[in-house]
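Next up, entry.txt (compact mmCIF, C-alpha atoms):
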# COMPACT_ATOMS: atom_id res chain seq x y z
CA MET S 19 -5.03 18.83 -11.82
CA SER S 20 -7.17 20.20 -9.00
CA ASP S 21 -5.93 22.71 -6.47
CA TRP S 22 -2.73 21.69 -4.68
CA ARG S 23 -2.57 24.81 -2.51
CA ALA S 24 -3.47 23.13 0.79
CA VAL S 25 -0.89 20.40 0.13
CA GLU S 26 1.77 22.95 -0.78
CA GLN S 27 1.02 24.98 2.37
CA GLU S 28 1.41 21.91 4.54
CA LEU S 29 4.64 20.93 2.81
CA ALA S 30 5.93 24.47 3.40
CA ARG S 31 5.23 24.04 7.12
CA TRP S 32 7.28 20.83 7.09
CA ARG S 33 10.17 22.65 5.42
CA ASP S 34 9.91 25.61 7.83
CA GLU S 35 10.29 23.16 10.70
CA GLY S 36 13.31 21.61 9.03
CA ARG S 37 11.62 18.23 8.78
CA GLU S 38 11.57 15.63 6.03
CA LEU S 39 8.28 14.03 5.04
CA GLY S 40 8.20 10.26 4.83
CA LEU S 41 5.93 8.99 2.05
CA TRP S 42 5.29 5.44 0.84
CA TRP S 43 3.14 3.59 -1.71
CA ARG S 44 1.13 0.40 -1.20
CA ASP S 45 -0.94 -1.31 -3.88
CA ASP S 46 -3.37 -4.06 -2.82
CA ASP S 47 -4.88 -7.28 -4.21
CA ALA S 48 -2.05 -8.60 -6.37
CA ALA S 49 -2.73 -12.22 -7.36
CA ASP S 50 -1.77 -12.81 -11.00
CA ALA S 51 0.20 -11.39 -13.91
CA THR S 52 -2.26 -9.06 -15.61
CA PRO S 53 -2.19 -6.07 -17.99
CA GLU S 54 -3.13 -3.87 -15.03
CA LEU S 55 -0.12 -5.09 -13.09
CA ASP S 56 2.09 -4.40 -16.12
CA ARG S 57 0.70 -0.87 -16.22
CA LEU S 58 1.38 -0.39 -12.51
CA LEU S 59 4.96 -1.61 -12.79
CA ALA S 60 5.59 0.56 -15.85
CA LEU S 61 4.37 3.61 -13.94
CA GLN S 62 6.56 2.70 -10.99
CA ARG S 63 9.61 2.39 -13.23
CA ALA S 64 8.85 5.66 -15.01
CA HIS S 65 8.86 7.61 -11.75
CA GLY S 66 11.46 5.58 -9.90
CA VAL S 67 9.48 5.46 -6.67
CA PRO S 68 9.41 2.42 -4.36
CA LEU S 69 6.32 0.22 -4.48
CA ALA S 70 4.95 -2.34 -2.02
CA LEU S 71 2.54 -4.95 -3.40
CA ALA S 72 0.10 -6.62 -1.01
CA VAL S 73 -0.33 -10.16 -2.39
CA VAL S 74 -3.34 -12.43 -1.71
CA PRO S 75 -1.70 -15.78 -0.85
CA ALA S 76 -4.56 -18.14 -1.72
CA ALA S 77 -4.94 -16.57 -5.16
CA ALA S 78 -1.28 -15.91 -5.98
CA THR S 79 -0.07 -17.72 -9.09
CA PRO S 80 3.30 -18.90 -10.37
CA ALA S 81 2.78 -16.44 -13.23
CA LEU S 82 2.77 -13.60 -10.70
CA ALA S 83 6.00 -14.88 -9.16
CA ALA S 84 7.61 -15.08 -12.60
CA ARG S 85 6.43 -11.58 -13.51
CA LEU S 86 7.83 -10.08 -10.32
CA ALA S 87 11.08 -12.04 -10.27
CA GLN S 88 13.15 -9.14 -11.60
CA GLU S 89 11.03 -6.26 -10.32
CA PRO S 90 12.40 -4.21 -7.39
CA VAL S 91 9.16 -4.18 -5.40
CA ASP S 92 8.48 -5.16 -1.80
CA LEU S 93 5.90 -7.88 -1.18
CA LEU S 94 3.49 -7.91 1.78
CA GLN S 95 0.91 -10.52 2.82
CA HIS S 96 -2.69 -9.51 2.09
CA GLY S 97 -4.65 -11.72 4.46
CA TYR S 98 -5.26 -15.22 3.16
CA ALA S 99 -7.99 -15.46 0.48
CA HIS S 100 -9.54 -11.97 0.64
CA THR S 101 -12.83 -13.64 1.57
CA ASN S 102 -15.54 -11.92 3.58
CA HIS S 103 -16.58 -13.85 6.70
CA ALA S 104 -18.78 -11.15 8.23
CA PRO S 105 -22.44 -12.12 8.71
CA ALA S 106 -24.90 -11.46 5.89
CA GLY S 107 -26.22 -7.93 6.17
CA ASP S 108 -23.06 -6.55 7.80
CA ASN S 109 -21.94 -3.74 5.52
CA LYS S 110 -18.33 -3.96 6.75
CA LYS S 111 -16.54 -6.80 5.04
CA GLU S 112 -13.91 -8.57 7.10
CA GLU S 113 -11.70 -11.61 6.67
CA LEU S 114 -9.63 -11.16 9.83
CA GLY S 115 -12.50 -10.80 12.28
CA LEU S 116 -13.79 -12.85 15.17
CA HIS S 117 -16.66 -14.37 13.19
CA ARG S 118 -14.64 -17.62 13.21
CA PRO S 119 -12.41 -19.13 15.90
CA ALA S 120 -9.18 -17.18 16.25
CA MET S 121 -7.10 -20.32 15.71
CA VAL S 122 -8.80 -20.88 12.35
CA VAL S 123 -8.06 -17.32 11.23
CA LEU S 124 -4.47 -17.43 12.43
CA GLY S 125 -4.00 -20.88 10.92
CA GLU S 126 -5.07 -19.53 7.52
CA LEU S 127 -2.55 -16.71 7.82
CA GLY S 128 0.20 -19.23 8.52
CA THR S 129 -0.86 -21.26 5.49
CA GLY S 130 -0.82 -18.10 3.42
CA TRP S 131 2.66 -17.20 4.61
CA LEU S 132 3.96 -20.61 3.56
CA ALA S 133 2.34 -20.17 0.13
CA LEU S 134 4.10 -16.83 -0.35
CA GLN S 135 7.39 -18.35 0.76
CA ARG S 136 7.04 -21.08 -1.85
CA LEU S 137 6.36 -18.54 -4.59
CA PHE S 138 8.61 -15.65 -3.62
CA GLY S 139 11.09 -16.96 -1.06
CA ALA S 140 12.58 -14.41 1.29
CA ARG S 141 11.31 -11.45 -0.75
CA THR S 142 8.05 -11.32 1.20
CA LEU S 143 8.20 -9.06 4.24
CA PRO S 144 6.59 -10.39 7.44
CA VAL S 145 3.97 -7.63 7.27
CA MET S 146 0.22 -8.26 7.45
CA VAL S 147 -2.11 -6.15 5.32
CA PRO S 148 -5.68 -7.10 6.33
CA PRO S 149 -8.20 -7.27 3.48
CA TRP S 150 -10.49 -4.23 3.58
CA ASN S 151 -7.96 -2.80 6.07
CA ARG S 152 -9.82 -4.43 8.95
CA ILE S 153 -8.55 -6.76 11.66
CA ALA S 154 -10.18 -7.58 14.97
CA PRO S 155 -8.20 -5.90 17.79
CA GLY S 156 -8.19 -9.21 19.63
CA LEU S 157 -6.15 -10.82 16.85
CA VAL S 158 -3.42 -8.17 16.71
CA PRO S 159 -1.45 -9.40 19.77
CA ALA S 160 -1.18 -12.84 18.17
CA LEU S 161 0.51 -11.56 14.99
CA PRO S 162 4.04 -11.31 16.43
CA GLU S 163 3.51 -14.65 18.16
CA ILE S 164 3.15 -16.32 14.76
CA GLY S 165 6.02 -14.42 13.19
CA TYR S 166 4.72 -11.11 11.80
CA ARG S 167 6.74 -7.98 12.48
CA GLY S 168 4.55 -5.40 10.78
CA LEU S 169 0.91 -4.40 10.30
CA SER S 170 -0.50 -1.99 7.72
CA THR S 171 -4.12 -0.82 7.58
CA PHE S 172 -5.65 2.58 6.73
CA GLY S 173 -5.95 5.80 8.70
CA ILE S 174 -4.01 8.13 10.96
CA ARG S 175 -1.99 6.29 13.55
CA PRO S 176 1.46 6.99 15.01
CA ARG S 177 4.23 4.76 13.74
CA VAL S 178 4.39 2.80 16.97
CA SER S 179 4.04 -0.79 18.06
CA PRO S 180 0.39 -1.62 18.85
CA VAL S 181 1.83 -4.62 20.70
CA SER S 182 5.38 -5.61 21.51
CA GLY S 183 7.25 -6.80 18.44
CA LEU S 184 4.80 -5.37 15.89
CA LEU S 185 5.32 -2.11 13.98
CA GLN S 186 2.29 -0.47 12.38
CA VAL S 187 2.71 1.72 9.28
CA ASN S 188 -0.58 2.69 7.65
CA THR S 189 -1.83 4.19 4.41
CA HIS S 190 -3.92 7.38 4.40
CA ILE S 191 -4.79 8.38 0.83
CA ASP S 192 -7.11 6.07 -1.14
CA LEU S 193 -7.58 6.80 -4.83
CA ILE S 194 -10.93 4.98 -5.03
CA ASP S 195 -14.38 5.90 -3.73
CA TRP S 196 -15.57 2.42 -2.81
CA ARG S 197 -19.23 3.43 -2.82
CA THR S 198 -19.01 3.99 -6.57
CA ARG S 199 -15.83 1.96 -7.23
CA ARG S 200 -14.51 4.86 -9.28
CA PHE S 201 -11.76 7.45 -8.84
CA ALA S 202 -12.53 9.50 -5.74
CA GLY S 203 -11.61 12.72 -7.52
CA ALA S 204 -8.51 14.89 -7.34
CA GLY S 205 -10.12 17.32 -4.89
CA PRO S 206 -11.02 14.72 -2.22
CA VAL S 207 -7.74 12.85 -2.66
CA LEU S 208 -5.66 16.01 -2.29
CA ALA S 209 -7.75 17.07 0.71
CA ALA S 210 -6.99 13.71 2.32
CA PHE S 211 -3.31 14.25 1.54
CA ALA S 212 -3.33 17.69 3.15
CA GLN S 213 -5.14 16.35 6.21
CA ALA S 214 -2.63 13.51 6.56
CA LEU S 215 0.25 15.98 6.22
CA SER S 216 -1.16 18.09 9.03
CA ALA S 217 -1.70 15.10 11.32
CA ALA S 218 1.71 13.62 10.56
CA ARG S 219 3.48 16.78 11.69
CA ALA S 220 2.28 15.90 15.18
CA THR S 221 2.74 12.14 15.05
CA GLY S 222 5.79 11.74 12.81
CA GLU S 223 3.89 9.06 10.94
CA PRO S 224 4.90 8.25 7.34
CA ILE S 225 2.06 8.97 4.91
CA GLY S 226 0.91 6.13 2.70
CA LEU S 227 -0.70 6.32 -0.74
CA LEU S 228 -3.01 3.38 -1.42
CA SER S 229 -3.83 2.16 -4.94
CA HIS S 230 -5.62 -0.90 -6.31
CA HIS S 231 -4.35 -1.71 -9.79
CA LEU S 232 -7.21 -4.12 -10.55
CA ALA S 233 -9.94 -1.63 -9.60
CA MET S 234 -8.73 1.71 -10.98
CA ASP S 235 -10.44 3.54 -13.81
CA GLY S 236 -8.75 5.89 -16.28
CA PRO S 237 -8.93 9.04 -14.13
CA ALA S 238 -7.39 7.16 -11.19
CA TRP S 239 -4.47 6.03 -13.35
CA ASP S 240 -4.03 9.57 -14.67
CA PHE S 241 -3.98 10.99 -11.14
CA LEU S 242 -1.52 8.36 -9.92
CA ASN S 243 0.84 9.22 -12.75
CA SER S 244 0.50 12.97 -12.10
CA PHE S 245 0.86 12.52 -8.34
CA TRP S 246 4.22 10.79 -8.55
CA GLY S 247 5.32 13.14 -11.29
CA ARG S 248 4.71 16.07 -8.97
CA VAL S 249 5.55 14.66 -5.53
CA GLY S 250 8.29 12.17 -6.29
CA GLY S 251 11.00 14.78 -6.81
CA LEU S 252 9.98 17.44 -4.28
CA PRO S 253 12.69 18.62 -1.87
CA GLY S 254 12.11 17.46 1.69
CA VAL S 255 10.04 14.46 0.59
CA ASN S 256 11.51 11.00 1.10
CA VAL S 257 9.59 8.28 -0.74
CA ALA S 258 10.67 5.25 1.28
CA PRO S 259 10.43 1.55 0.44
CA ALA S 260 8.41 -0.64 2.77
CA HIS S 261 11.43 -2.70 3.76
CA GLU S 262 13.01 0.44 5.25
CA LEU S 263 9.85 1.54 7.06
CA PHE S 264 9.44 -1.86 8.68
CA ALA S 265 13.18 -2.33 9.23
CA SER S 266 12.94 -2.03 13.00
CA GLY S 267 11.05 -5.31 13.08
CA GLU S 268 13.07 -8.49 13.26
CA ALA S 269 13.17 -10.93 10.38
CA ARG S 270 10.58 -13.67 10.47
CA ALA S 271 11.88 -17.07 11.48

Starting from the file, give its structure as structure tokens.
Amino acid sequence: MSDWRAVEQELARWRDEGRELGLWWRDDDAADATPELDRLLALQRAHGVPLALAVVPAAATPALAARLAQEPVDLLQHGYAHTNHAPAGDNKKEELGLHRPAMVVLGELGTGWLALQRLFGARTLPVMVPPWNRIAPGLVPALPEIGYRGLSTFGIRPRVSPVSGLLQVNTHIDLIDWRTRRFAGAGPVLAAFAQALSAARATGEPIGLLSHHLAMDGPAWDFLNSFWGRVGGLPGVNVAPAHELFASGEARA
């Protein structure tokens, strides 16, 4: 594996300060029972680390519910249909934007929540994961009004409430280079990890690893396996489940 020195130096700074690193794992775009999902769950079991699956409500199948029935994973809501509504020519895809009336967007989210409740019952956390990690700022204040207690996107942000009643816990390390749709490479991924470690010492923010089981190539799978093999048992590192990170939010009605 590529050079871990910058990561190890940052982790040493955490230990010198007597602090414990919070780390979590989110995988996006779950919709059906697939061989890739089986591979993801097998890797999770092998390393014994908590996993949060972001499920696309409009595409979620009964087969997915059956496959996950006995799996100890947290479930989050991944938008509604993972459909791009940005205008043609806009290179930033977005489902939860203001390209449509806000009531239409929020209504879809409510429909998606009901779909997840039918499939998974109370297992789904009231946490919104916007497709492509984008949501219009004007929609965020409405999330707690319609029952959500958490928001998770991508990038450095303190673990604070962007609005009253909503806790934001992001991811920071993406295994995929979306320009090529291939593994980003161990060097860039570890550099992102080191950068997130440095920033989190100031903010106290938990660091999130982001994977996409349906889009990963062989090197990405190999890195994911090696990452948890190396990081999962390190002293001073607490790999936390999503339900604990979002525990300060109230249960959805």

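Candidate residues S:Glu26, S:Glu112, S:Glu89, S:Asp192 were compared for distance to Ala60 (chain S), and the nearest is S:Glu89, using all atoms listed in the file.
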
**Message:** Neighbouring residues of Trp150 (chain S) were defined as those with any atom within 9 Å, considering all atoms listed in the file; residues of the same chain fewer than 3 positions away were excluded. Please report them as a ChimeraX atom specification.
**Reply:** /S:100,110-113,147,153,171-172

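Between CA of Ala70 (chain S) and CA of Pro259 (chain S) the interatomic distance comes to 7.2 Å.
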
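Distance annotation: of S:Ile174, S:Leu94, S:Asp56, S:Arg197, the residue with the minimal separation from Gly222 (chain S) is S:Ile174; atom set is all atoms listed in the file.
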
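Among S:Gly130, S:Pro105, S:Gly173, S:Gly250, the residue with the shortest atom-to-atom distance to Ala218 (chain S), counting all atoms listed in the file, is S:Gly173.
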
**Complete:** If you count all atoms listed in the file, the residue of S:Ala238, S:Ala212, S:Leu263, S:Leu252 closest to Ala24 (chain S) turns out to be S:Ala212

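For the atom pair formed by CA of Leu86 (chain S) and CA of Thr52 (chain S), the distance is 11.4 Å, given to one decimal.
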
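If you measure from each of S:Trp43, S:Phe264, S:Phe138, S:Tyr98 to Leu193 (chain S) using only C-alpha atoms, the closest one turns out to be S:Trp43.
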
**Complete:** re CA of Trp131 (chain S) and CA of Pro53 (chain S): distance 25.7 Å

**Message:** What's around Gln27 (chain S) at 10 Å? Count all atoms listed in the file, leave out sequence neighbours fewer than 5 positions away in its own chain, and write the answer as a PyMOL selection string.
**Reply:** chain S and resi 22+32-33+212+215-216

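With all atoms listed in the file as the basis for measurement, S:Leu41 is the residue among S:Ala87, S:Leu41, S:Met146, S:Ala133 that approaches Phe211 (chain S) most closely.
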
**Request:** May I have the residues within 8 Å of Leu184 (chain S) as a list in words, using all atoms listed in the file and disregarding those fewer than 3 positions away in the same chain?
**Result:** Leu161, Pro162, Tyr166, Arg167, Gly168, Leu169, Ser179, Pro180, Val181 and Gly267 of chain S

**Message:** Would you pick out the contacts of Arg199 (chain S) at 9 Å or less, using only C-alpha atoms, so that residues sharing its chain but fewer than 6 positions from it are not included, and give the list as a VMD selection string?
**Reply:** chain S and resid 233 to 235

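Contact shell of Leu55 (chain S) at 7 Å (only C-alpha atoms; same-chain neighbours under 4 positions omitted): Ala51, Leu59 and His231 of chain S.
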
Taking only N, CA and C atoms, show region 77-100 of chain S of the given structure as an mmCIF file, in the first residue's frame.
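Contents of result-v6.cif, as written:
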data_model
loop_
_atom_site.group_PDB
_atom_site.id
_atom_site.type_symbol
_atom_site.label_atom_id
_atom_site.label_comp_id
_atom_site.auth_asym_id
_atom_site.auth_seq_id
_atom_site.Cartn_x
_atom_site.Cartn_y
_atom_site.Cartn_z
ATOM 1 N N ALA S 77 -35.940 3.109 -5.817
ATOM 2 C CA ALA S 77 -35.383 1.931 -6.477
ATOM 3 C C ALA S 77 -35.258 0.734 -5.550
ATOM 4 N N ALA S 78 -35.485 0.932 -4.251
ATOM 5 C CA ALA S 78 -35.276 -0.142 -3.280
ATOM 6 C C ALA S 78 -36.278 -1.268 -3.481
ATOM 7 N N THR S 79 -35.794 -2.490 -3.421
ATOM 8 C CA THR S 79 -36.621 -3.665 -3.709
ATOM 9 C C THR S 79 -36.878 -4.501 -2.456
ATOM 10 N N PRO S 80 -37.929 -5.312 -2.478
ATOM 11 C CA PRO S 80 -38.128 -6.265 -1.387
ATOM 12 C C PRO S 80 -36.951 -7.219 -1.224
ATOM 13 N N ALA S 81 -36.265 -7.523 -2.323
ATOM 14 C CA ALA S 81 -35.090 -8.400 -2.224
ATOM 15 C C ALA S 81 -33.995 -7.755 -1.380
ATOM 16 N N LEU S 82 -33.858 -6.432 -1.494
ATOM 17 C CA LEU S 82 -32.874 -5.736 -0.656
ATOM 18 C C LEU S 82 -33.279 -5.835 0.812
ATOM 19 N N ALA S 83 -34.553 -5.619 1.095
ATOM 20 C CA ALA S 83 -35.021 -5.713 2.477
ATOM 21 C C ALA S 83 -34.779 -7.107 3.040
ATOM 22 N N ALA S 84 -35.046 -8.130 2.247
ATOM 23 C CA ALA S 84 -34.825 -9.497 2.708
ATOM 24 C C ALA S 84 -33.347 -9.771 2.951
ATOM 25 N N ARG S 85 -32.500 -9.245 2.062
ATOM 26 C CA ARG S 85 -31.055 -9.473 2.194
ATOM 27 C C ARG S 85 -30.499 -8.800 3.447
ATOM 28 N N LEU S 86 -31.058 -7.657 3.807
ATOM 29 C CA LEU S 86 -30.518 -6.902 4.937
ATOM 30 C C LEU S 86 -31.209 -7.218 6.256
ATOM 31 N N ALA S 87 -32.203 -8.094 6.217
ATOM 32 C CA ALA S 87 -33.033 -8.327 7.402
ATOM 33 C C ALA S 87 -32.216 -8.735 8.624
ATOM 34 N N GLN S 88 -31.166 -9.512 8.418
ATOM 35 C CA GLN S 88 -30.361 -9.997 9.544
ATOM 36 C C GLN S 88 -28.980 -9.367 9.600
ATOM 37 N N GLU S 89 -28.761 -8.314 8.814
ATOM 38 C CA GLU S 89 -27.448 -7.674 8.783
ATOM 39 C C GLU S 89 -27.425 -6.470 9.730
ATOM 40 N N PRO S 90 -26.402 -6.365 10.568
ATOM 41 C CA PRO S 90 -26.334 -5.264 11.542
ATOM 42 C C PRO S 90 -25.785 -3.980 10.919
ATOM 43 N N VAL S 91 -26.517 -3.445 9.952
ATOM 44 C CA VAL S 91 -26.091 -2.211 9.306
ATOM 45 C C VAL S 91 -27.152 -1.141 9.544
ATOM 46 N N ASP S 92 -26.702 0.118 9.596
ATOM 47 C CA ASP S 92 -27.632 1.241 9.684
ATOM 48 C C ASP S 92 -28.079 1.626 8.282
ATOM 49 N N LEU S 93 -29.316 2.088 8.163
ATOM 50 C CA LEU S 93 -29.881 2.472 6.879
ATOM 51 C C LEU S 93 -30.228 3.955 6.895
ATOM 52 N N LEU S 94 -29.795 4.664 5.859
ATOM 53 C CA LEU S 94 -30.050 6.096 5.703
ATOM 54 C C LEU S 94 -30.831 6.303 4.414
ATOM 55 N N GLN S 95 -31.498 7.451 4.286
ATOM 56 C CA GLN S 95 -32.279 7.725 3.076
ATOM 57 C C GLN S 95 -31.441 8.503 2.071
ATOM 58 N N HIS S 96 -31.301 7.937 0.857
ATOM 59 C CA HIS S 96 -30.475 8.546 -0.187
ATOM 60 C C HIS S 96 -31.375 9.255 -1.199
ATOM 61 N N GLY S 97 -31.840 10.455 -0.815
ATOM 62 C CA GLY S 97 -32.712 11.209 -1.691
ATOM 63 C C GLY S 97 -34.014 10.478 -1.946
ATOM 64 N N TYR S 98 -34.470 10.548 -3.199
ATOM 65 C CA TYR S 98 -35.699 9.840 -3.568
ATOM 66 C C TYR S 98 -35.435 8.832 -4.683
ATOM 67 N N ALA S 99 -35.085 9.306 -5.887
ATOM 68 C CA ALA S 99 -34.870 8.389 -7.018
ATOM 69 C C ALA S 99 -33.463 8.474 -7.587
ATOM 70 N N HIS S 100 -32.607 9.296 -6.976
ATOM 71 C CA HIS S 100 -31.256 9.534 -7.498
ATOM 72 C C HIS S 100 -31.331 9.965 -8.976
#
